[in-house]
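Trainee: Would you mind keeping the following structure in view while I ask a few things?
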Amino acid sequence: MNADNTDYELLVVGSANADLVVGVERRPAPGETVLGSDLAVHPGGKGGNQAVAAARLGARTALLARVGDDAHGVLLLDAQRAAGVDTVGVLVGGAPTGVALITVDPSGDNSIVVSPGANARLTPEDIRAAGSLLSAARVVSSQLEIPLDTVAEVVRTLRPGTRFVLNPSPPAPLPAEVLAACDPLVVNEHEARVILGEEAGEAPEEWARGLLALGPRSVVITLGAEGALTADGTDVVRVPSPKVDAVDTTGAGDAFTAALGWRLGLGEDLPTAAAYAVRVGAAAVTRKGAQGSYPTASELADTVPEARSR
Ligand code: RIB
């Protein structure tokens, strides 16, 4: 237990999926069949990925999730424990483990279909029952591969002073009480455009202004190879990314969000935390898969050093 009475620097409340990954020359168009590589099965899910990314960087991390009582569930729990994540909050049973069907093309871009399975059975009651876990966290991070009602219950259950980070992926209209708790709301271009609708505009600065007007305390927009943009109502800051050769972008956004939330909890300001998170995301795209691509802090320092002129 620390000075602020927290056991965990980051608690992730979210999904855990088995990722079934096939490499393809070209992702199929509607109605098209393409042949791909041999199938690879990796631990994934936006929640599981965030938890592993933070733990590998050295954060005291816990995961609140639900997996099935099956072989995929065992795979996912083993991966979390191997990374050092506390899995006391991972519930087992109720439906098969969630599965993500992923195709990755030679540029590293992917398409993903998720069958939520047990993730859809992580209920508001499960959140209420995990009140002590939520109280023990400095930062709580969620995504939308679990029911929105469950995310809303997370927000209601937060201890005053706990920071809430949300990546609304896959994007959906968000209730005002959820938006108001986000500090920050973390979106990519696609998510920003879905949430903002036709009035989104073309520039990330416009998206940030539009999103802030919906109520979150701060906004971070990930911009792929261009880095990220942070906005907190006072400052809008562009955070550049180091140049890397992308092999597979799967899960890079999850690593970014986990690193961002952890560093904010350590007391860094938004642009400084985002600069660290951009390096983590850049490191993650240089290796295949999601969790297997995440760097430790020393690998990060070796492979994507801090930019000198900040
Ligand atoms: O963000 C990447 C993740 O999205 C994959 O690991 C997959 O499980 C899907 O949830």
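Residue numbering restarts at 1 in every chain; chains get A, B, ... in the order shown in the structure tokens, and ligands count up from 1 in that same order.
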Which residues come within 9 Å of Val92 in chain A, counting only C-alpha atoms, excluding same-chain residues fewer than 4 positions away, as a ChimeraX atom specification?
Mentor: /A:65-70,73,97,118
Trainee: List all protein, DNA and RNA residues that have an atom no more than 6 Å from any atom of ligand 1, counting only C-alpha atoms and all ligand atoms, and report them as a ChimeraX atom specification.
Mentor: /A:17,19,44-46,100,250-251,254,290
Trainee: Can you list every residue in range 63-260 of chain A that DSSP puts in alpha helix (DSSP H), as a PyMOL selection string?
Mentor: chain A and resi 71-83+124-129+131-135+148-157+176-181+189-196+204-212+252-260
Trainee: Could you check which of A:Lys288, A:Ala200, A:Gly108, A:Leu270 is closest to Leu185 in chain A, using only C-alpha atoms?
Mentor: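 Looking only at the distances to Leu185 in chain A, the closest residue turns out to be A:Leu270.
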Trainee: In terms of the shortest atom-to-atom distance over only C-alpha atoms, which of A:Ala274, A:Leu214, A:Leu260, A:Leu133 is closest to Ala53 in chain A?
Mentor: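 Nearest to Ala53 in chain A: A:Leu260.
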Trainee: In Å, with one decimal, what is the gap from CA of Arg263 in chain A to CA of Gly98 in chain A?
Mentor: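 For CA of Arg263 in chain A relative to CA of Gly98 in chain A, the distance reads 28.9 Å.
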Trainee: Between A:Gly253, A:Glu206, A:Ser111, A:His42, which has the minimum distance to Ser169 in chain A (counting only C-alpha atoms)?
Mentor: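 Among A:Gly253, A:Glu206, A:Ser111, A:His42, it is A:Gly253 that comes nearest to Ser169 in chain A.
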Trainee: Near Leu211 in chain A, within 8 Å and counting only C-alpha atoms, which residues show up once chain neighbours fewer than 5 positions away are dropped, as number ranges by chain?
Mentor: A: 192, 195-196, 216, 219
Trainee: Any chance you can output those residues with N, CA, C and O atoms as a short mmCIF file (atom, residue, chain, number, x, y, z; two decimals), in the first residue's frame?
Mentor:
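Generated output (out.cif):
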```cif
data_model
loop_
_atom_site.label_atom_id
_atom_site.label_comp_id
_atom_site.auth_asym_id
_atom_site.auth_seq_id
_atom_site.Cartn_x
_atom_site.Cartn_y
_atom_site.Cartn_z
N ALA A 192 -12.65 9.01 -33.26
CA ALA A 192 -13.04 10.42 -33.18
C ALA A 192 -14.14 10.73 -34.18
O ALA A 192 -15.15 11.38 -33.85
N ILE A 195 -17.54 9.19 -33.12
CA ILE A 195 -18.17 9.86 -31.98
C ILE A 195 -18.66 11.25 -32.38
O ILE A 195 -19.74 11.69 -31.96
N LEU A 196 -17.90 11.94 -33.24
CA LEU A 196 -18.27 13.31 -33.59
C LEU A 196 -19.29 13.38 -34.73
O LEU A 196 -19.97 14.39 -34.89
N PRO A 216 -15.50 15.33 -21.65
CA PRO A 216 -14.35 14.75 -20.94
C PRO A 216 -13.42 15.85 -20.41
O PRO A 216 -13.39 16.95 -20.95
N VAL A 219 -8.54 15.08 -23.58
CA VAL A 219 -8.65 14.23 -24.77
C VAL A 219 -7.24 13.95 -25.28
O VAL A 219 -6.38 14.82 -25.29
#
```
